[in-house]
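Reproduced below: entry33.tsv, with TSV, C-alpha atoms (C1' of nucleotides).
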chain	number	residue	atom	x	y	z
P	1006	MET	CA	155.64	156.67	90.32
P	1007	THR	CA	152.30	155.40	89.11
P	1008	ALA	CA	150.33	153.88	91.94
P	1009	GLU	CA	148.67	151.17	89.84
P	1010	CYS	CA	148.65	150.26	86.21
P	1011	THR	CA	145.46	149.55	84.39
P	1012	GLU	CA	147.24	148.89	81.15
P	1013	THR	CA	146.44	145.21	80.83
P	1014	GLU	CA	142.85	144.89	81.90
P	1015	ILE	CA	141.05	141.77	80.79
P	1016	PRO	CA	137.89	142.41	78.78
P	1017	PRO	CA	134.74	140.51	79.79
P	1018	TRP	CA	134.65	138.27	76.75
P	1019	GLU	CA	138.17	137.15	77.50
P	1020	ALA	CA	137.41	136.59	81.16
P	1021	GLU	CA	134.51	134.42	80.08
P	1022	ILE	CA	136.63	132.35	77.73
P	1023	ILE	CA	139.29	131.96	80.39
P	1024	ASP	CA	136.64	130.75	82.76
P	1025	LEU	CA	135.43	128.30	80.16
P	1026	PHE	CA	138.90	126.87	79.93
P	1027	VAL	CA	139.18	126.68	83.68
P	1028	GLY	CA	136.13	124.43	83.61
P	1029	ILE	CA	137.47	122.26	80.81
P	1030	PHE	CA	140.94	121.92	82.30
P	1031	ASP	CA	139.41	121.14	85.64
P	1032	GLY	CA	137.75	118.17	84.02
P	1033	PHE	CA	141.24	116.96	83.20
P	1034	GLY	CA	142.46	117.64	86.71
P	1035	LEU	CA	144.67	120.55	85.70
P	1036	PRO	CA	145.20	123.56	87.99
P	1037	LYS	CA	143.20	126.72	87.59
P	1038	SER	CA	146.23	128.89	87.05
P	1039	THR	CA	147.38	126.68	84.22
P	1040	ALA	CA	143.97	126.83	82.60
P	1041	MET	CA	143.96	130.60	82.92
P	1042	ILE	CA	147.32	130.86	81.24
P	1043	TYR	CA	146.10	128.77	78.35
P	1044	GLY	CA	142.91	130.81	78.12
P	1045	THR	CA	144.87	134.03	78.03
P	1046	LEU	CA	147.17	132.80	75.32
P	1047	TYR	CA	144.25	131.34	73.45
P	1048	CYS	CA	142.63	134.76	73.29
P	1049	ALA	CA	145.76	136.73	72.65
P	1050	GLU	CA	146.38	138.35	69.32
P	1051	ASP	CA	150.12	137.64	69.42
P	1052	GLY	CA	152.65	135.82	71.53
P	1053	MET	CA	153.03	137.00	75.12
P	1054	LEU	CA	155.84	137.22	77.60
P	1055	GLN	CA	155.65	135.15	80.75
P	1056	GLU	CA	155.83	138.32	82.76
P	1057	GLU	CA	152.89	139.86	80.92
P	1058	ILE	CA	150.81	136.79	81.52
P	1059	ALA	CA	151.60	136.62	85.21
P	1060	HIS	CA	150.85	140.29	85.67
P	1061	ARG	CA	147.65	140.16	83.69
P	1062	LEU	CA	146.29	137.18	85.61
P	1063	GLN	CA	147.70	138.36	88.89
P	1064	ILE	CA	149.53	135.15	89.60
P	1065	SER	CA	153.07	134.76	90.83
P	1066	ALA	CA	156.04	134.36	88.55
P	1067	GLY	CA	156.46	130.85	89.94
P	1068	SER	CA	152.96	129.84	88.96
P	1069	ALA	CA	153.41	131.26	85.51
P	1070	SER	CA	156.66	129.41	85.06
P	1071	GLN	CA	155.25	126.11	86.22
P	1072	GLY	CA	152.03	126.47	84.31
P	1073	LEU	CA	153.81	127.32	81.10
P	1074	LYS	CA	156.13	124.40	81.52
P	1075	MET	CA	153.21	122.05	81.98
P	1076	LEU	CA	151.38	123.48	79.00
P	1077	GLN	CA	154.46	123.02	76.89
P	1078	THR	CA	154.91	119.40	77.85
P	1079	LEU	CA	151.25	118.91	77.05
P	1080	GLY	CA	151.86	120.47	73.68
P	1081	ALA	CA	149.23	123.13	74.29
P	1082	VAL	CA	151.61	126.07	74.21
P	1083	LYS	CA	154.60	126.83	72.07
P	1084	ARG	CA	157.60	128.93	72.97
P	1085	GLN	CA	159.44	131.16	70.57
P	1086	SER	CA	162.82	132.45	71.60
P	1087	PRO	CA	164.06	135.27	69.41
P	1088	ILE	CA	167.84	135.06	69.22
P	1089	GLY	CA	169.68	137.59	71.29
P	1090	GLN	CA	166.80	138.43	73.57
P	1091	ARG	CA	166.55	137.32	77.10
P	1092	HIS	CA	162.88	136.52	77.06
P	1093	SER	CA	160.63	134.19	75.09
P	1094	TYR	CA	157.20	134.57	73.62
P	1095	TYR	CA	154.51	132.05	74.31
P	1096	SER	CA	151.50	131.28	72.19
P	1097	ALA	CA	148.64	128.83	72.39
P	1098	GLU	CA	148.14	125.92	70.07
P	1099	ARG	CA	144.76	126.83	68.58
P	1100	SER	CA	144.40	123.93	66.22
P	1101	MET	CA	142.20	121.39	67.91
P	1102	ARG	CA	143.67	118.68	65.72
P	1103	ARG	CA	147.19	119.36	66.84
P	1104	LEU	CA	146.23	120.11	70.42
P	1105	MET	CA	144.46	116.78	70.77
P	1106	GLY	CA	147.22	114.99	68.94
P	1107	ASN	CA	149.80	116.42	71.27
P	1108	VAL	CA	147.89	115.62	74.42
P	1109	VAL	CA	147.12	112.10	73.31
P	1110	GLU	CA	150.71	111.50	72.39
P	1111	SER	CA	152.23	113.01	75.51
P	1112	GLN	CA	149.70	111.74	78.06
P	1113	LEU	CA	147.43	108.96	76.89
P	1114	GLN	CA	149.85	106.91	74.85
P	1115	PRO	CA	152.41	106.52	77.64
P	1116	LYS	CA	149.73	105.49	80.12
P	1117	LEU	CA	148.27	103.02	77.69
P	1118	ARG	CA	151.64	101.48	77.05
P	1119	SER	CA	152.47	101.04	80.70
P	1120	GLY	CA	149.01	99.66	81.39
P	1121	LYS	CA	149.47	97.17	78.61
P	1122	GLU	CA	152.75	96.00	80.06
P	1123	ARG	CA	151.36	95.63	83.52
P	1124	LEU	CA	148.52	93.54	82.22
P	1125	GLN	CA	150.87	91.32	80.28
P	1126	GLU	CA	153.07	90.73	83.29
P	1127	LEU	CA	150.04	90.10	85.40
P	1128	ALA	CA	148.58	87.61	82.94
P	1129	ALA	CA	151.88	85.78	82.73
P	1130	ALA	CA	151.96	85.33	86.49
P	1131	ILE	CA	148.56	83.68	86.87
P	1132	PRO	CA	148.32	79.89	86.66
P	1133	ALA	CA	145.67	78.46	84.36
P	1134	GLU	CA	143.54	77.13	87.19
P	1135	GLU	CA	142.88	80.61	88.59
P	1136	SER	CA	139.98	80.98	86.22
P	1137	LEU	CA	138.37	84.06	87.73
P	1138	ALA	CA	141.63	85.97	87.73
P	1139	ARG	CA	142.38	84.97	84.16
P	1140	GLN	CA	138.89	85.93	83.11
P	1141	ARG	CA	139.13	89.39	84.63
P	1142	ILE	CA	142.56	90.09	83.27
P	1143	GLN	CA	141.50	88.95	79.85
P	1144	THR	CA	138.58	91.34	79.83
P	1145	LEU	CA	140.88	94.19	80.76
P	1146	GLN	CA	143.15	93.26	77.92
P	1147	THR	CA	140.20	93.45	75.59
P	1148	TRP	CA	139.48	96.95	76.89
P	1149	GLN	CA	143.08	97.85	76.36
P	1150	ARG	CA	142.99	96.66	72.77
P	1151	LYS	CA	139.78	98.52	72.05
P	1152	VAL	CA	141.22	101.79	73.23
P	1153	GLU	CA	144.43	101.13	71.33
P	1154	ARG	CA	142.49	100.49	68.15
P	1155	GLY	CA	140.16	103.41	68.71
P	1156	MET	CA	142.96	105.92	69.05
P	1157	PRO	CA	143.58	106.50	65.35
P	1158	LEU	CA	139.88	107.07	64.78
P	1159	LEU	CA	139.92	109.65	67.52
P	1160	SER	CA	142.44	111.79	65.77
P	1161	LYS	CA	140.43	111.42	62.57
P	1162	ILE	CA	137.41	112.90	64.28
P	1163	PHE	CA	139.16	116.15	64.98
P	1164	SER	CA	141.06	116.45	61.76
P	1165	THR	CA	138.83	118.12	59.22
P	1166	GLY	CA	135.45	119.61	59.84
P	1167	GLY	CA	134.08	116.96	62.14
P	1168	GLY	CA	133.16	114.32	59.58
P	1169	LYS	CA	130.03	114.76	57.52
P	1170	SER	CA	129.12	118.42	57.22
P	1171	LYS	CA	126.12	120.12	55.54
S	983	MET	CA	137.98	86.63	120.62
S	984	THR	CA	139.98	86.54	117.40
S	985	ALA	CA	142.54	89.31	117.36
S	986	GLU	CA	142.32	89.85	113.62
S	987	CYS	CA	140.32	88.37	110.81
S	988	THR	CA	142.05	87.19	107.70
S	989	GLU	CA	138.83	86.05	106.09
S	990	THR	CA	138.74	88.56	103.29
S	991	GLU	CA	142.31	88.95	102.22
S	992	ILE	CA	142.92	90.42	98.83
S	993	PRO	CA	144.98	88.21	96.51
S	994	PRO	CA	147.92	89.82	94.70
S	995	TRP	CA	146.34	89.71	91.27
S	996	GLU	CA	143.33	91.59	92.59
S	997	ALA	CA	145.49	94.13	94.39
S	998	GLU	CA	147.29	94.73	91.12
S	999	ILE	CA	144.08	95.26	89.19
S	1000	ILE	CA	142.77	97.57	91.88
S	1001	ASP	CA	145.97	99.55	91.63
S	1002	LEU	CA	145.56	99.71	87.88
S	1003	PHE	CA	142.14	101.23	88.33
S	1004	VAL	CA	143.46	103.69	90.87
S	1005	GLY	CA	145.79	104.93	88.16
S	1006	ILE	CA	143.08	105.15	85.54
S	1007	PHE	CA	140.58	106.83	87.82
S	1008	ASP	CA	143.23	109.24	88.96
S	1009	GLY	CA	143.56	110.35	85.35
S	1010	PHE	CA	139.92	111.32	85.56
S	1011	GLY	CA	140.42	113.09	88.86
S	1012	LEU	CA	138.48	110.53	90.88
S	1013	PRO	CA	139.44	109.63	94.45
S	1014	LYS	CA	141.54	106.63	95.23
S	1015	SER	CA	138.95	105.05	97.48
S	1016	THR	CA	136.38	105.26	94.72
S	1017	ALA	CA	138.75	103.64	92.27
S	1018	MET	CA	139.48	100.90	94.76
S	1019	ILE	CA	135.81	100.17	95.20
S	1020	TYR	CA	135.35	99.89	91.48
S	1021	GLY	CA	138.41	97.66	91.19
S	1022	THR	CA	137.14	95.39	93.91
S	1023	LEU	CA	133.73	95.05	92.33
S	1024	TYR	CA	135.32	94.61	88.95
S	1025	CYS	CA	137.24	91.60	90.21
S	1026	ALA	CA	134.47	90.14	92.30
S	1027	GLU	CA	132.76	86.95	91.29
S	1028	ASP	CA	129.37	88.12	92.51
S	1029	GLY	CA	127.74	91.19	93.92
S	1030	MET	CA	129.09	92.52	97.21
S	1031	LEU	CA	127.68	94.27	100.22
S	1032	GLN	CA	128.85	97.77	101.00
S	1033	GLU	CA	130.04	96.52	104.35
S	1034	GLU	CA	132.12	93.77	102.79
S	1035	ILE	CA	133.75	96.23	100.45
S	1036	ALA	CA	134.57	98.71	103.18
S	1037	HIS	CA	135.99	96.01	105.38
S	1038	ARG	CA	138.01	94.42	102.60
S	1039	LEU	CA	139.55	97.72	101.53
S	1040	GLN	CA	139.88	99.00	105.06
S	1041	ILE	CA	138.05	102.20	104.37
S	1042	SER	CA	135.36	103.79	106.47
S	1043	ALA	CA	131.67	103.19	105.96
S	1044	GLY	CA	131.35	106.82	104.97
S	1045	SER	CA	133.90	106.50	102.19
S	1046	ALA	CA	132.25	103.36	100.93
S	1047	SER	CA	128.88	105.02	100.88
S	1048	GLN	CA	130.12	108.10	99.07
S	1049	GLY	CA	132.24	106.17	96.63
S	1050	LEU	CA	129.43	103.83	95.74
S	1051	LYS	CA	127.07	106.72	95.26
S	1052	MET	CA	129.52	108.40	92.89
S	1053	LEU	CA	130.10	105.19	90.97
S	1054	GLN	CA	126.39	104.74	90.58
S	1055	THR	CA	125.81	108.22	89.22
S	1056	LEU	CA	128.69	107.56	86.84
S	1057	GLY	CA	126.94	104.41	85.79
S	1058	ALA	CA	129.97	102.31	86.67
S	1059	VAL	CA	128.26	100.33	89.38
S	1060	LYS	CA	124.80	98.87	89.69
S	1061	ARG	CA	122.86	98.20	92.82
S	1062	GLN	CA	120.55	95.27	93.32
S	1063	SER	CA	118.16	95.34	96.22
S	1064	PRO	CA	116.60	91.98	96.93
S	1065	ILE	CA	113.13	92.57	98.31
S	1066	GLY	CA	112.74	92.02	102.00
S	1067	GLN	CA	116.40	92.38	102.82
S	1068	ARG	CA	117.93	95.37	104.45
S	1069	HIS	CA	121.05	95.45	102.37
S	1070	SER	CA	121.85	95.80	98.70
S	1071	TYR	CA	124.37	94.12	96.49
S	1072	TYR	CA	126.66	96.12	94.31
S	1073	SER	CA	128.32	94.99	91.13
S	1074	ALA	CA	130.58	96.62	88.56
S	1075	GLU	CA	129.58	97.41	85.02
S	1076	ARG	CA	132.09	95.29	83.15
S	1077	SER	CA	130.94	96.05	79.63
S	1078	MET	CA	133.23	98.74	78.32
S	1079	ARG	CA	130.58	99.76	75.84
S	1080	ARG	CA	128.01	100.46	78.51
S	1081	LEU	CA	130.51	101.88	80.96
S	1082	MET	CA	131.72	104.42	78.43
S	1083	GLY	CA	128.23	105.14	77.26
S	1084	ASN	CA	127.12	105.84	80.81
S	1085	VAL	CA	130.05	108.06	81.65
S	1086	VAL	CA	129.71	110.03	78.44
S	1087	GLU	CA	126.01	110.48	79.00
S	1088	SER	CA	126.22	111.42	82.65
S	1089	GLN	CA	129.36	113.57	82.54
S	1090	LEU	CA	130.46	114.69	79.11
S	1091	GLN	CA	127.12	115.44	77.53
S	1092	PRO	CA	125.96	117.84	80.26
S	1093	LYS	CA	129.26	119.72	80.18
S	1094	LEU	CA	129.15	119.97	76.43
S	1095	ARG	CA	125.64	121.30	76.49
S	1096	SER	CA	126.39	123.98	79.05
S	1097	GLY	CA	129.55	124.95	77.24
S	1098	LYS	CA	127.60	125.30	74.04
S	1099	GLU	CA	125.12	127.59	75.70
S	1100	ARG	CA	127.78	129.75	77.24
S	1101	LEU	CA	129.43	130.16	73.88
S	1102	GLN	CA	126.18	131.10	72.23
S	1103	GLU	CA	125.40	133.72	74.82
S	1104	LEU	CA	128.91	135.01	74.60
S	1105	ALA	CA	128.80	135.23	70.82
S	1106	ALA	CA	125.49	137.05	70.96
S	1107	ALA	CA	126.95	139.68	73.26
S	1108	ILE	CA	129.89	140.67	71.09
S	1109	PRO	CA	129.44	143.49	68.56
S	1110	ALA	CA	130.62	142.80	65.02
S	1111	GLU	CA	133.52	145.21	65.22
S	1112	GLU	CA	135.24	143.23	67.99
S	1113	SER	CA	136.86	141.08	65.37
S	1114	LEU	CA	139.40	139.33	67.57
S	1115	ALA	CA	136.79	138.33	70.10
S	1116	ARG	CA	134.45	137.08	67.40
S	1117	GLN	CA	137.27	135.16	65.80
S	1118	ARG	CA	138.22	133.41	69.01
S	1119	ILE	CA	134.68	132.57	69.98
S	1120	GLN	CA	133.99	131.24	66.54
S	1121	THR	CA	136.96	128.92	66.72
S	1122	LEU	CA	135.74	127.60	70.04
S	1123	GLN	CA	132.35	126.96	68.53
S	1124	THR	CA	134.02	124.95	65.82
S	1125	TRP	CA	135.73	122.88	68.51
S	1126	GLN	CA	132.45	122.41	70.23
S	1127	ARG	CA	130.83	121.16	67.04
S	1128	LYS	CA	133.66	118.78	66.31
S	1129	VAL	CA	133.36	117.16	69.70
S	1130	GLU	CA	129.60	117.00	69.37
S	1131	ARG	CA	129.88	115.31	66.01
S	1132	GLY	CA	132.63	113.00	67.17
S	1133	MET	CA	130.65	111.65	70.10
S	1134	PRO	CA	128.62	109.06	68.20
S	1135	LEU	CA	131.78	107.72	66.60
S	1136	LEU	CA	133.30	107.35	70.00
S	1137	SER	CA	130.62	105.01	71.21
S	1138	LYS	CA	130.98	103.07	67.98
S	1139	ILE	CA	134.64	102.47	68.72
S	1140	PHE	CA	133.90	100.60	71.90
S	1141	SER	CA	130.86	98.71	70.72
S	1142	THR	CA	132.03	95.56	69.02
S	1143	GLY	CA	135.55	94.21	69.00
S	1144	GLY	CA	137.43	97.41	68.37
S	1145	GLY	CA	136.71	97.78	64.66
S	1146	LYS	CA	138.64	95.75	62.13
S	1147	SER	CA	139.95	92.58	63.69
S	1148	LYS	CA	141.46	90.52	60.83
Q	1091	DC	C1'	183.69	140.92	84.67
Q	1092	DA	C1'	180.20	142.75	87.22
Q	1093	DC	C1'	175.39	144.11	86.43
Q	1094	DT	C1'	170.61	143.63	85.20
Q	1095	DC	C1'	166.49	141.51	84.66
Q	1096	DG	C1'	163.68	137.65	83.34
Q	1097	DT	C1'	163.16	132.87	84.57
Q	1098	DT	C1'	163.44	128.69	87.38
Q	1099	DT	C1'	163.36	126.19	91.62
Q	1100	DC	C1'	161.72	124.83	95.83
Q	1101	DA	C1'	160.28	125.01	100.64
Q	1102	DA	C1'	156.61	126.90	103.13
Q	1103	DA	C1'	151.77	128.62	103.17
Q	1104	DA	C1'	147.21	128.40	101.43
Q	1105	DA	C1'	143.54	126.17	99.32
Q	1106	DT	C1'	141.24	122.21	98.11
Q	1107	DT	C1'	139.91	117.53	98.27
Q	1108	DT	C1'	139.36	113.18	100.52
Q	1109	DT	C1'	138.65	110.38	104.45
Q	1110	DT	C1'	137.08	109.53	108.81
Q	1111	DG	C1'	134.03	108.97	112.78
Q	1112	DA	C1'	129.98	109.61	114.91
Q	1113	DA	C1'	125.29	110.88	115.02
Q	1114	DA	C1'	121.00	110.62	112.38
Q	1115	DT	C1'	118.21	107.90	109.45
Q	1116	DA	C1'	115.89	103.95	107.52
Q	1117	DA	C1'	114.07	99.47	107.26
Q	1118	DG	C1'	113.59	94.63	108.65
Q	1119	DG	C1'	112.71	91.62	112.36
Q	1120	DT	C1'	110.44	90.30	116.89
N	299	DA	C1'	106.22	99.54	119.21
N	300	DC	C1'	110.92	98.51	119.98
N	301	DC	C1'	115.26	96.53	118.96
N	302	DT	C1'	118.87	95.66	115.63
N	303	DT	C1'	121.75	96.51	111.95
N	304	DA	C1'	122.92	98.66	107.36
N	305	DT	C1'	123.36	103.01	105.31
N	306	DT	C1'	123.67	108.02	104.87
N	307	DT	C1'	125.15	112.46	106.18
N	308	DC	C1'	128.19	115.83	107.53
N	309	DA	C1'	131.52	118.37	110.28
N	310	DA	C1'	136.16	117.87	111.52
N	311	DA	C1'	140.74	115.79	110.54
N	312	DA	C1'	144.04	114.24	107.32
N	313	DA	C1'	146.08	114.17	103.00
N	314	DT	C1'	147.03	116.20	98.81
N	315	DT	C1'	147.59	119.76	95.53
N	316	DT	C1'	148.37	124.44	94.19
N	317	DT	C1'	150.26	128.89	94.87
N	318	DT	C1'	153.38	131.93	96.63
N	319	DG	C1'	157.72	134.28	97.67
N	320	DA	C1'	162.34	134.43	97.90
N	321	DA	C1'	166.73	132.79	96.69
N	322	DA	C1'	169.54	130.78	92.96
N	323	DC	C1'	170.36	130.85	88.27
N	324	DG	C1'	171.57	132.32	83.57
N	325	DA	C1'	171.97	134.87	79.57
N	326	DG	C1'	172.68	139.22	77.37
N	327	DT	C1'	174.87	144.01	78.29
N	328	DG	C1'	177.86	147.81	79.35

Take the structure from the file and write it as structure tokens.
Amino acid sequence: MTAECTETEIPPWEAEIIDLFVGIFDGFGLPKSTAMIYGTLYCAEDGMLQEEIAHRLQISAGSASQGLKMLQTLGAVKRQSPIGQRHSYYSAERSMRRLMGNVVESQLQPKLRSGKERLQELAAAIPAEESLARQRIQTLQTWQRKVERGMPLLSKIFSTGGGKSK
Amino acid sequence: MTAECTETEIPPWEAEIIDLFVGIFDGFGLPKSTAMIYGTLYCAEDGMLQEEIAHRLQISAGSASQGLKMLQTLGAVKRQSPIGQRHSYYSAERSMRRLMGNVVESQLQPKLRSGKERLQELAAAIPAEESLARQRIQTLQTWQRKVERGMPLLSKIFSTGGGKSK
DNA sequence: CACTCGTTTCAAAAATTTTTGAAATAAGGT
DNA sequence: ACCTTATTTCAAAAATTTTTGAAACGAGTG
């Protein structure tokens, strides 16, 4: 019969970090609620239940469900389902290396591949005398190749300590 | 007394490239009309007038103006204003190296800087005994440093031909 | 097997972003 | 100085995205 429950108040430092993530995620075009979920899990000591998260952030169960799903497909959040328990625990991927790797693999790579295909089809459909078209397409294919080649380096950047330390 | 004017029809290959850019820009959260403007200028043989662009893409003058402004602050489009002429020509930055460099400088760098500051202030405000908070903030600062250090490498990736060619 | 309770789904509502259209502005030409 | 035409601005409209809330679902439990 408790009117309200203060049990899960968010401390200022956490609110600040969550807000930081909202800004970062926003740069990637991801919803605020999703960013907040990640921020919460990022700060958390242990895994959390979906219900806890939703209650803590004051968002609906639907939002929490959708956000968590998205974060999982991005590879930013992992789910642990203890056997014989009807709920799962969620926890944030805190390794930048893995986080980046996951996002690149699940988002960038597919887009790159499809872009590559489109360019190939497009190039194949242009007769040699359309020099401007060929020129422009060719340049795009160069871009495509650069990004493709740069990808491995990218993951190297985030692997260890950032390259040369000291 | 011509009912419609077919003068500036967009050829299929150009439409396809424009659409490609719409997809890419969308990944960065940029409006479709802006992407279309960039795509058009990217394909163009020479510089174009804002009016031409708007008419060709069938978007309003307002959209064209705003989109071009955005593209300029991103460093993706350059404006040339011939003296003694009331209009300017716009052209796309087609060098990936410069394009990336401009975007990084105008968008990423500022965000990184402000994020760094926020983290520093946050860290300074947490007492030593708040070990979880300190831990989390510290990890974020490591992320921050990695990205900061990785930046120069990034621009290197896109500079020449993509690294090792053969 | 019926019950409980957490999760998922999805249509509708809310919020946000983008585009338009029209008025204000600016700058060249006469 | 005045006309003409390109551009900018900005409030309102349109389109899109995000969030909610409620119903359907599903997996353990008694």

Please work out which residues fall within 6 Å of (152.8, 130.7, 98.0), coordinates as given in the file, with only C-alpha atoms (C1' of nucleotides) counting, and return them as a PyMOL selection string.
(chain Q and resi 1103) or (chain N and resi 317-318)

Could you list, as a list in words, the residues of chain N having an atom within 9 Å of chain P when counting only C-alpha atoms (C1' of nucleotides)?
DT315, DT316, DT317, DT318, DG319, DA325 and DG326 of chain N

With the cut-off set at 6 Å and counting all atoms listed in the file, tabulate each residue of chain S with an atom at most that distance from an atom of chain P, showing the nearest atom pair and its distance in Å to one decimal, ordered by chain and increasing number, as a tab-separated table.
residue	atom	partner	partner_atom	distance
S:Gly1011	CA	P:Gly1034	CA	5.4
S:Lys1128	CA	P:Gly1167	CA	4.6
S:Arg1131	CA	P:Gly1167	CA	5.9
S:Gly1132	CA	P:Ile1162	CA	5.6
S:Ile1139	CA	P:Gly1155	CA	5.6
S:Gly1144	CA	P:Lys1151	CA	4.5

Could you please determine the separation between atom C1' of DT1097 of chain Q and atom CA of Glu1110 of chain P in Å, to one decimal place?
27.6 Å

In Å, with one decimal, what is the gap from atom CA of Glu1056 of chain P to atom CA of Tyr1095 of chain P?
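For atom CA of Glu1056 of chain P relative to atom CA of Tyr1095 of chain P, the distance reads 10.6 Å.
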
Would you mind telling me which residue in P:Ile1015, P:Gly1080, P:Ser1093, P:Met1041 lies nearest to Gln1055 of chain P when using only C-alpha atoms?
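Checking each of P:Ile1015, P:Gly1080, P:Ser1093, P:Met1041 against Gln1055 of chain P, counting only C-alpha atoms, the winner is P:Ser1093.
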
Report as number ranges by chain all protein, DNA and RNA residues lying within 9 Å of Arg1084 of chain P, evaluated on only C-alpha atoms (C1' of nucleotides), omitting residues in the same chain fewer than 3 positions from it.
P: 1052, 1077, 1093-1097

Show me as a PyMOL selection string the residues that reach within 6 Å of (142.8, 112.7, 103.2), counting only C-alpha atoms (C1' of nucleotides) and using the file's own coordinates.
(chain Q and resi 1108-1109) or (chain N and resi 312-313)

Would you write out, as CSV, a table of all residues in chain Q that have an atom no more than 10 Å from an atom of chain P, listing for each the closest atom pair and the distance in Å to one decimal, considering all atoms listed in the file and ordering rows by chain and rising residue number?
residue,atom,partner,partner_atom,distance
Q:DC1095,C1',P:Arg1091,CA,8.6
Q:DG1096,C1',P:His1092,CA,6.4
Q:DT1097,C1',P:Ser1070,CA,7.4
Q:DT1098,C1',P:Ser1070,CA,7.2
Q:DT1099,C1',P:Gly1067,CA,8.5
Q:DC1100,C1',P:Gly1067,CA,9.9

With distances taken over all atoms listed in the file, which residue among Q:DT1120, Q:DT1115, Q:DT1107, Q:DT1094 lies nearest DT314 of chain N?
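Ranked by minimum distance to DT314 of chain N, first place goes to Q:DT1107.
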